[in-house]
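Asker: There's a structure below that I have some questions on.
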Amino acid sequence: MPHWLSYMTRNDGSRLAYLWRAWLAVMLGTALIAVLAVLVFPVAETAQEAPPPPFPGVVLLSPAVPSLALWGVLEVLRRALPTYWHAAGGAALVFAGVFKLASGVQGGLIFAWPYFLSALTFLAWHLRSDLEGVTMTFALQVAANAALNLRVFQARA
């Protein structure tokens with residue numbers, strides 16, 4: 001795997017430093033993939049824009065459910081695939097498929113990267129305990145959702 005992602009498999013350092021680096025990787029990668037997905041798979045604009053979901057639900061509830069679902073998916077994949085990198089890739093494909101069904105090709109592509117990094121986070125930290133794996137994954141998703149939604153809510157205000 002790329003050297004610049006090697007920290008994603010380590011749990012021996014500061015949790016905050018880990019989350020900071022993982023959050024940067026999520027945000028930068030997601031932004032790049034989002035731009036490419038929109039350019040390659042354009043979607044016709046709709047006349048009516050849906051109102052934004054409630055901020056606390058998006059930032060707290062939304063990460064809780066996928067973090068627990070990711071745990072379940074990874075329990076199967078880490079036993080079926082040869083490495084954690086493969087398991088994380090498999091989990092990203094599962095979640096990309098779910099998001100593709102819910103919001104089209106763009107959604108599937110955009111969510112693949114953050115779920116790959118969330119899966120690596122869980123796999124690294126679950127070696128200490130499943131609770132730490134879920135907690136670190138939840139924290140990463142909360143940070144990413146908060147940053148993205150603050151930007152969306154700010155733009156709509």
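If you're wondering about the labels, chains in the structure tokens are A, B, ... by order shown, residues count from 1 in each chain, ligands from 1 in order shown.
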Could you please write out, as a compact mmCIF listing (two decimals) with N, CA and C atoms, in the first residue's frame, every residue of chain A that DSSP assigns to helix (DSSP H, G or I)?

Answerer:
```
# COMPACT_ATOMS: atom_id res chain seq x y z
N HIS A 3 2.96 4.38 0.86
CA HIS A 3 3.63 4.77 2.10
C HIS A 3 2.86 5.87 2.83
N TRP A 4 2.25 6.78 2.10
CA TRP A 4 1.57 7.90 2.73
C TRP A 4 0.31 7.49 3.47
N LEU A 5 -0.16 6.26 3.30
CA LEU A 5 -1.30 5.76 4.06
C LEU A 5 -0.89 4.76 5.14
N SER A 6 0.40 4.52 5.31
CA SER A 6 0.84 3.50 6.25
C SER A 6 0.42 3.82 7.69
N TYR A 7 0.29 5.08 8.04
CA TYR A 7 -0.13 5.44 9.40
C TYR A 7 -1.53 4.92 9.71
N MET A 8 -2.34 4.66 8.68
CA MET A 8 -3.72 4.22 8.89
C MET A 8 -3.79 2.84 9.54
N THR A 9 -2.72 2.08 9.51
CA THR A 9 -2.73 0.74 10.10
C THR A 9 -2.10 0.72 11.49
N ARG A 15 -4.23 9.42 19.48
CA ARG A 15 -5.52 9.29 18.80
C ARG A 15 -5.86 10.57 18.04
N LEU A 16 -5.57 11.71 18.63
CA LEU A 16 -5.88 12.98 17.96
C LEU A 16 -5.04 13.18 16.70
N ALA A 17 -3.76 12.84 16.76
CA ALA A 17 -2.92 12.95 15.57
C ALA A 17 -3.40 12.00 14.48
N TYR A 18 -3.79 10.80 14.87
CA TYR A 18 -4.32 9.83 13.91
C TYR A 18 -5.58 10.40 13.25
N LEU A 19 -6.51 10.87 14.08
CA LEU A 19 -7.76 11.40 13.54
C LEU A 19 -7.52 12.62 12.65
N TRP A 20 -6.58 13.47 13.01
CA TRP A 20 -6.27 14.65 12.20
C TRP A 20 -5.79 14.22 10.81
N ARG A 21 -4.83 13.30 10.77
CA ARG A 21 -4.29 12.85 9.48
C ARG A 21 -5.35 12.10 8.68
N ALA A 22 -6.13 11.26 9.33
CA ALA A 22 -7.19 10.52 8.63
C ALA A 22 -8.25 11.49 8.11
N TRP A 23 -8.60 12.49 8.91
CA TRP A 23 -9.59 13.48 8.49
C TRP A 23 -9.09 14.26 7.26
N LEU A 24 -7.83 14.66 7.27
CA LEU A 24 -7.28 15.35 6.10
C LEU A 24 -7.33 14.46 4.86
N ALA A 25 -6.98 13.19 5.02
CA ALA A 25 -7.03 12.27 3.89
C ALA A 25 -8.46 12.08 3.38
N VAL A 26 -9.41 11.99 4.30
CA VAL A 26 -10.82 11.87 3.91
C VAL A 26 -11.27 13.11 3.14
N MET A 27 -10.99 14.28 3.70
CA MET A 27 -11.48 15.52 3.09
C MET A 27 -10.85 15.77 1.73
N LEU A 28 -9.53 15.62 1.63
CA LEU A 28 -8.85 15.88 0.36
C LEU A 28 -9.24 14.85 -0.70
N GLY A 29 -9.24 13.59 -0.32
CA GLY A 29 -9.62 12.54 -1.27
C GLY A 29 -11.07 12.65 -1.71
N THR A 30 -11.96 12.94 -0.78
CA THR A 30 -13.37 13.06 -1.13
C THR A 30 -13.60 14.25 -2.05
N ALA A 31 -12.93 15.36 -1.78
CA ALA A 31 -13.09 16.54 -2.65
C ALA A 31 -12.62 16.22 -4.07
N LEU A 32 -11.48 15.57 -4.20
CA LEU A 32 -10.96 15.22 -5.51
C LEU A 32 -11.90 14.26 -6.24
N ILE A 33 -12.35 13.22 -5.55
CA ILE A 33 -13.25 12.24 -6.16
C ILE A 33 -14.58 12.88 -6.51
N ALA A 34 -15.08 13.78 -5.67
CA ALA A 34 -16.36 14.44 -5.95
C ALA A 34 -16.27 15.26 -7.24
N VAL A 35 -15.19 16.00 -7.40
CA VAL A 35 -15.02 16.79 -8.62
C VAL A 35 -14.96 15.88 -9.84
N LEU A 36 -14.17 14.82 -9.75
CA LEU A 36 -14.07 13.88 -10.87
C LEU A 36 -15.39 13.19 -11.16
N ALA A 37 -16.12 12.78 -10.13
CA ALA A 37 -17.41 12.11 -10.31
C ALA A 37 -18.41 13.02 -10.99
N VAL A 38 -18.43 14.28 -10.61
CA VAL A 38 -19.37 15.23 -11.21
C VAL A 38 -18.99 15.48 -12.67
N LEU A 39 -17.70 15.55 -12.97
CA LEU A 39 -17.27 15.79 -14.35
C LEU A 39 -17.51 14.57 -15.25
N VAL A 40 -17.25 13.38 -14.73
CA VAL A 40 -17.37 12.17 -15.54
C VAL A 40 -18.80 11.66 -15.62
N PHE A 55 -28.93 19.33 11.42
CA PHE A 55 -27.49 19.25 11.64
C PHE A 55 -27.10 18.21 12.68
N PRO A 56 -27.74 18.15 13.87
CA PRO A 56 -27.32 17.14 14.87
C PRO A 56 -27.51 15.71 14.36
N GLY A 57 -28.55 15.47 13.59
CA GLY A 57 -28.77 14.13 13.05
C GLY A 57 -27.69 13.73 12.07
N VAL A 58 -27.28 14.68 11.23
CA VAL A 58 -26.25 14.39 10.23
C VAL A 58 -24.89 14.20 10.89
N VAL A 59 -24.62 14.98 11.90
CA VAL A 59 -23.28 14.95 12.51
C VAL A 59 -23.15 13.84 13.55
N LEU A 60 -24.21 13.50 14.27
CA LEU A 60 -24.09 12.49 15.32
C LEU A 60 -24.77 11.16 14.99
N LEU A 61 -26.02 11.20 14.55
CA LEU A 61 -26.75 9.96 14.29
C LEU A 61 -26.26 9.30 13.00
N SER A 62 -26.03 10.09 11.98
CA SER A 62 -25.60 9.54 10.70
C SER A 62 -24.29 8.76 10.82
N PRO A 63 -23.29 9.21 11.54
CA PRO A 63 -22.07 8.40 11.68
C PRO A 63 -22.24 7.16 12.59
N ALA A 64 -23.17 7.19 13.52
CA ALA A 64 -23.32 6.07 14.45
C ALA A 64 -23.79 4.81 13.72
N VAL A 65 -24.79 4.94 12.89
CA VAL A 65 -25.34 3.77 12.20
C VAL A 65 -24.32 3.16 11.24
N PRO A 66 -23.68 3.94 10.35
CA PRO A 66 -22.67 3.33 9.47
C PRO A 66 -21.45 2.78 10.22
N SER A 67 -21.08 3.38 11.33
CA SER A 67 -19.94 2.85 12.10
C SER A 67 -20.25 1.45 12.60
N LEU A 68 -21.45 1.24 13.09
CA LEU A 68 -21.85 -0.08 13.55
C LEU A 68 -22.01 -1.05 12.38
N ALA A 69 -22.57 -0.56 11.26
CA ALA A 69 -22.70 -1.41 10.07
C ALA A 69 -21.33 -1.79 9.53
N LEU A 70 -20.41 -0.85 9.55
CA LEU A 70 -19.05 -1.12 9.07
C LEU A 70 -18.40 -2.21 9.91
N TRP A 71 -18.62 -2.16 11.21
CA TRP A 71 -18.10 -3.19 12.11
C TRP A 71 -18.59 -4.57 11.66
N GLY A 72 -19.89 -4.68 11.40
CA GLY A 72 -20.45 -5.96 10.96
C GLY A 72 -19.88 -6.43 9.63
N VAL A 73 -19.79 -5.53 8.67
CA VAL A 73 -19.25 -5.88 7.35
C VAL A 73 -17.80 -6.33 7.50
N LEU A 74 -17.03 -5.61 8.29
CA LEU A 74 -15.61 -5.93 8.45
C LEU A 74 -15.39 -7.23 9.24
N GLU A 75 -16.31 -7.59 10.11
CA GLU A 75 -16.18 -8.86 10.82
C GLU A 75 -16.18 -10.02 9.83
N VAL A 76 -16.96 -9.89 8.77
CA VAL A 76 -17.01 -10.93 7.74
C VAL A 76 -15.79 -10.81 6.82
N LEU A 77 -15.54 -9.60 6.30
CA LEU A 77 -14.50 -9.42 5.29
C LEU A 77 -13.09 -9.68 5.80
N ARG A 78 -12.81 -9.33 7.03
CA ARG A 78 -11.44 -9.53 7.53
C ARG A 78 -11.11 -11.00 7.71
N ARG A 79 -12.13 -11.83 7.82
CA ARG A 79 -11.91 -13.27 7.90
C ARG A 79 -11.85 -13.91 6.51
N ALA A 80 -12.51 -13.27 5.54
CA ALA A 80 -12.61 -13.85 4.19
C ALA A 80 -11.50 -13.39 3.25
N TYR A 84 -5.89 -6.78 5.78
CA TYR A 84 -6.80 -5.71 6.18
C TYR A 84 -7.02 -4.72 5.05
N TRP A 85 -6.01 -4.52 4.20
CA TRP A 85 -6.16 -3.61 3.06
C TRP A 85 -7.26 -4.13 2.14
N HIS A 86 -7.27 -5.43 1.91
CA HIS A 86 -8.32 -6.03 1.07
C HIS A 86 -9.69 -5.90 1.74
N ALA A 87 -9.73 -6.15 3.04
CA ALA A 87 -11.00 -6.03 3.76
C ALA A 87 -11.52 -4.60 3.71
N ALA A 88 -10.64 -3.63 3.87
CA ALA A 88 -11.06 -2.22 3.80
C ALA A 88 -11.57 -1.89 2.40
N GLY A 89 -10.88 -2.39 1.38
CA GLY A 89 -11.33 -2.19 0.00
C GLY A 89 -12.69 -2.84 -0.24
N GLY A 90 -12.87 -4.05 0.27
CA GLY A 90 -14.15 -4.72 0.14
C GLY A 90 -15.27 -3.96 0.83
N ALA A 91 -15.00 -3.46 2.02
CA ALA A 91 -16.01 -2.67 2.74
C ALA A 91 -16.34 -1.40 1.97
N ALA A 92 -15.33 -0.75 1.40
CA ALA A 92 -15.58 0.45 0.60
C ALA A 92 -16.48 0.13 -0.58
N LEU A 93 -16.26 -1.02 -1.21
CA LEU A 93 -17.12 -1.42 -2.34
C LEU A 93 -18.55 -1.70 -1.88
N VAL A 94 -18.71 -2.33 -0.73
CA VAL A 94 -20.05 -2.60 -0.20
C VAL A 94 -20.78 -1.27 0.04
N PHE A 95 -20.12 -0.34 0.72
CA PHE A 95 -20.78 0.93 1.02
C PHE A 95 -20.97 1.78 -0.23
N ALA A 96 -20.03 1.71 -1.17
CA ALA A 96 -20.21 2.43 -2.44
C ALA A 96 -21.43 1.89 -3.17
N GLY A 97 -21.63 0.58 -3.13
CA GLY A 97 -22.81 -0.01 -3.75
C GLY A 97 -24.10 0.45 -3.09
N VAL A 98 -24.10 0.52 -1.78
CA VAL A 98 -25.29 1.01 -1.06
C VAL A 98 -25.58 2.46 -1.44
N PHE A 99 -24.54 3.30 -1.44
CA PHE A 99 -24.75 4.70 -1.79
C PHE A 99 -25.09 4.87 -3.26
N LYS A 100 -24.59 4.00 -4.12
CA LYS A 100 -24.96 4.06 -5.54
C LYS A 100 -26.45 3.79 -5.69
N LEU A 101 -26.95 2.79 -4.97
CA LEU A 101 -28.39 2.50 -5.02
C LEU A 101 -29.21 3.67 -4.50
N ALA A 102 -28.72 4.33 -3.47
CA ALA A 102 -29.46 5.43 -2.84
C ALA A 102 -29.36 6.73 -3.62
N SER A 103 -28.18 7.00 -4.22
CA SER A 103 -28.01 8.33 -4.83
C SER A 103 -27.29 8.33 -6.17
N GLY A 104 -27.16 7.19 -6.80
CA GLY A 104 -26.58 7.13 -8.13
C GLY A 104 -25.07 6.92 -8.11
N VAL A 105 -24.50 6.89 -9.31
CA VAL A 105 -23.09 6.61 -9.49
C VAL A 105 -22.22 7.64 -8.76
N GLN A 106 -22.59 8.90 -8.85
CA GLN A 106 -21.80 9.94 -8.16
C GLN A 106 -21.71 9.64 -6.68
N GLY A 107 -22.84 9.35 -6.06
CA GLY A 107 -22.85 9.07 -4.62
C GLY A 107 -21.99 7.87 -4.27
N GLY A 108 -22.08 6.80 -5.07
CA GLY A 108 -21.27 5.62 -4.82
C GLY A 108 -19.78 5.92 -4.89
N LEU A 109 -19.37 6.67 -5.91
CA LEU A 109 -17.96 7.01 -6.06
C LEU A 109 -17.48 7.92 -4.93
N ILE A 110 -18.28 8.90 -4.60
CA ILE A 110 -17.88 9.89 -3.59
C ILE A 110 -17.72 9.24 -2.22
N PHE A 111 -18.58 8.28 -1.89
CA PHE A 111 -18.52 7.68 -0.56
C PHE A 111 -17.53 6.52 -0.45
N ALA A 112 -16.99 6.02 -1.55
CA ALA A 112 -16.06 4.89 -1.50
C ALA A 112 -14.80 5.24 -0.70
N TRP A 113 -14.20 6.39 -0.98
CA TRP A 113 -12.95 6.78 -0.32
C TRP A 113 -13.11 6.96 1.19
N PRO A 114 -14.08 7.74 1.66
CA PRO A 114 -14.18 7.89 3.11
C PRO A 114 -14.48 6.57 3.82
N TYR A 115 -15.22 5.68 3.17
CA TYR A 115 -15.49 4.39 3.82
C TYR A 115 -14.28 3.48 3.79
N PHE A 116 -13.43 3.61 2.79
CA PHE A 116 -12.16 2.88 2.78
C PHE A 116 -11.32 3.31 3.98
N LEU A 117 -11.20 4.62 4.18
CA LEU A 117 -10.40 5.12 5.31
C LEU A 117 -11.07 4.82 6.65
N SER A 118 -12.39 4.87 6.71
CA SER A 118 -13.09 4.51 7.94
C SER A 118 -12.87 3.04 8.26
N ALA A 119 -12.87 2.19 7.23
CA ALA A 119 -12.62 0.76 7.44
C ALA A 119 -11.20 0.52 7.95
N LEU A 120 -10.23 1.22 7.37
CA LEU A 120 -8.85 1.09 7.86
C LEU A 120 -8.75 1.55 9.31
N THR A 121 -9.46 2.61 9.64
CA THR A 121 -9.47 3.12 11.01
C THR A 121 -10.01 2.06 11.96
N PHE A 122 -11.15 1.50 11.60
CA PHE A 122 -11.72 0.46 12.46
C PHE A 122 -10.75 -0.71 12.61
N LEU A 123 -10.20 -1.17 11.50
CA LEU A 123 -9.33 -2.34 11.53
C LEU A 123 -8.06 -2.10 12.36
N ALA A 124 -7.53 -0.89 12.30
CA ALA A 124 -6.34 -0.58 13.10
C ALA A 124 -6.67 -0.54 14.59
N TRP A 125 -7.75 0.12 14.92
CA TRP A 125 -8.05 0.35 16.34
C TRP A 125 -8.81 -0.79 17.00
N ASP A 130 -12.81 -3.80 20.21
CA ASP A 130 -13.88 -3.45 19.26
C ASP A 130 -14.46 -2.08 19.60
N LEU A 131 -14.53 -1.76 20.89
CA LEU A 131 -15.05 -0.44 21.29
C LEU A 131 -14.16 0.68 20.76
N GLU A 132 -12.84 0.50 20.84
CA GLU A 132 -11.95 1.53 20.30
C GLU A 132 -12.08 1.62 18.79
N GLY A 133 -12.25 0.49 18.12
CA GLY A 133 -12.44 0.50 16.68
C GLY A 133 -13.68 1.29 16.29
N VAL A 134 -14.79 1.02 16.96
CA VAL A 134 -16.03 1.73 16.65
C VAL A 134 -15.92 3.20 17.05
N THR A 135 -15.32 3.48 18.19
CA THR A 135 -15.20 4.86 18.66
C THR A 135 -14.35 5.71 17.73
N MET A 136 -13.21 5.18 17.30
CA MET A 136 -12.34 5.94 16.39
C MET A 136 -13.00 6.13 15.03
N THR A 137 -13.70 5.10 14.55
CA THR A 137 -14.41 5.22 13.28
C THR A 137 -15.51 6.26 13.39
N PHE A 138 -16.26 6.21 14.48
CA PHE A 138 -17.32 7.18 14.72
C PHE A 138 -16.74 8.59 14.79
N ALA A 139 -15.64 8.77 15.50
CA ALA A 139 -15.03 10.09 15.63
C ALA A 139 -14.58 10.63 14.27
N LEU A 140 -14.00 9.77 13.45
CA LEU A 140 -13.57 10.20 12.11
C LEU A 140 -14.77 10.62 11.27
N GLN A 141 -15.84 9.85 11.33
CA GLN A 141 -17.02 10.18 10.54
C GLN A 141 -17.72 11.43 11.07
N VAL A 142 -17.73 11.62 12.37
CA VAL A 142 -18.30 12.85 12.94
C VAL A 142 -17.51 14.06 12.46
N ALA A 143 -16.20 13.98 12.51
CA ALA A 143 -15.36 15.11 12.07
C ALA A 143 -15.60 15.43 10.59
N ALA A 144 -15.64 14.39 9.76
CA ALA A 144 -15.86 14.62 8.33
C ALA A 144 -17.26 15.19 8.07
N ASN A 145 -18.27 14.60 8.69
CA ASN A 145 -19.64 15.10 8.50
C ASN A 145 -19.79 16.52 9.01
N ALA A 146 -19.19 16.82 10.14
CA ALA A 146 -19.30 18.18 10.70
C ALA A 146 -18.68 19.19 9.75
N ALA A 147 -17.50 18.91 9.25
CA ALA A 147 -16.83 19.85 8.34
C ALA A 147 -17.63 20.03 7.06
N LEU A 148 -18.08 18.93 6.47
CA LEU A 148 -18.84 19.03 5.22
C LEU A 148 -20.17 19.73 5.43
N ASN A 149 -20.85 19.41 6.51
CA ASN A 149 -22.16 20.00 6.74
C ASN A 149 -22.09 21.44 7.20
N LEU A 150 -21.04 21.82 7.92
CA LEU A 150 -20.88 23.24 8.24
C LEU A 150 -20.73 24.04 6.96
N ARG A 151 -20.00 23.49 6.01
CA ARG A 151 -19.81 24.15 4.71
C ARG A 151 -21.13 24.22 3.95
N VAL A 152 -21.90 23.14 3.94
CA VAL A 152 -23.19 23.11 3.22
C VAL A 152 -24.17 24.07 3.87
N PHE A 153 -24.28 24.02 5.20
CA PHE A 153 -25.23 24.90 5.89
C PHE A 153 -24.82 26.35 5.74
N GLN A 154 -23.53 26.62 5.75
CA GLN A 154 -23.04 27.99 5.58
C GLN A 154 -23.38 28.49 4.17
N ALA A 155 -23.24 27.65 3.17
CA ALA A 155 -23.51 28.03 1.79
C ALA A 155 -25.00 28.29 1.58
N ARG A 156 -25.86 27.57 2.28
CA ARG A 156 -27.32 27.72 2.09
C ARG A 156 -27.89 28.85 2.92
```
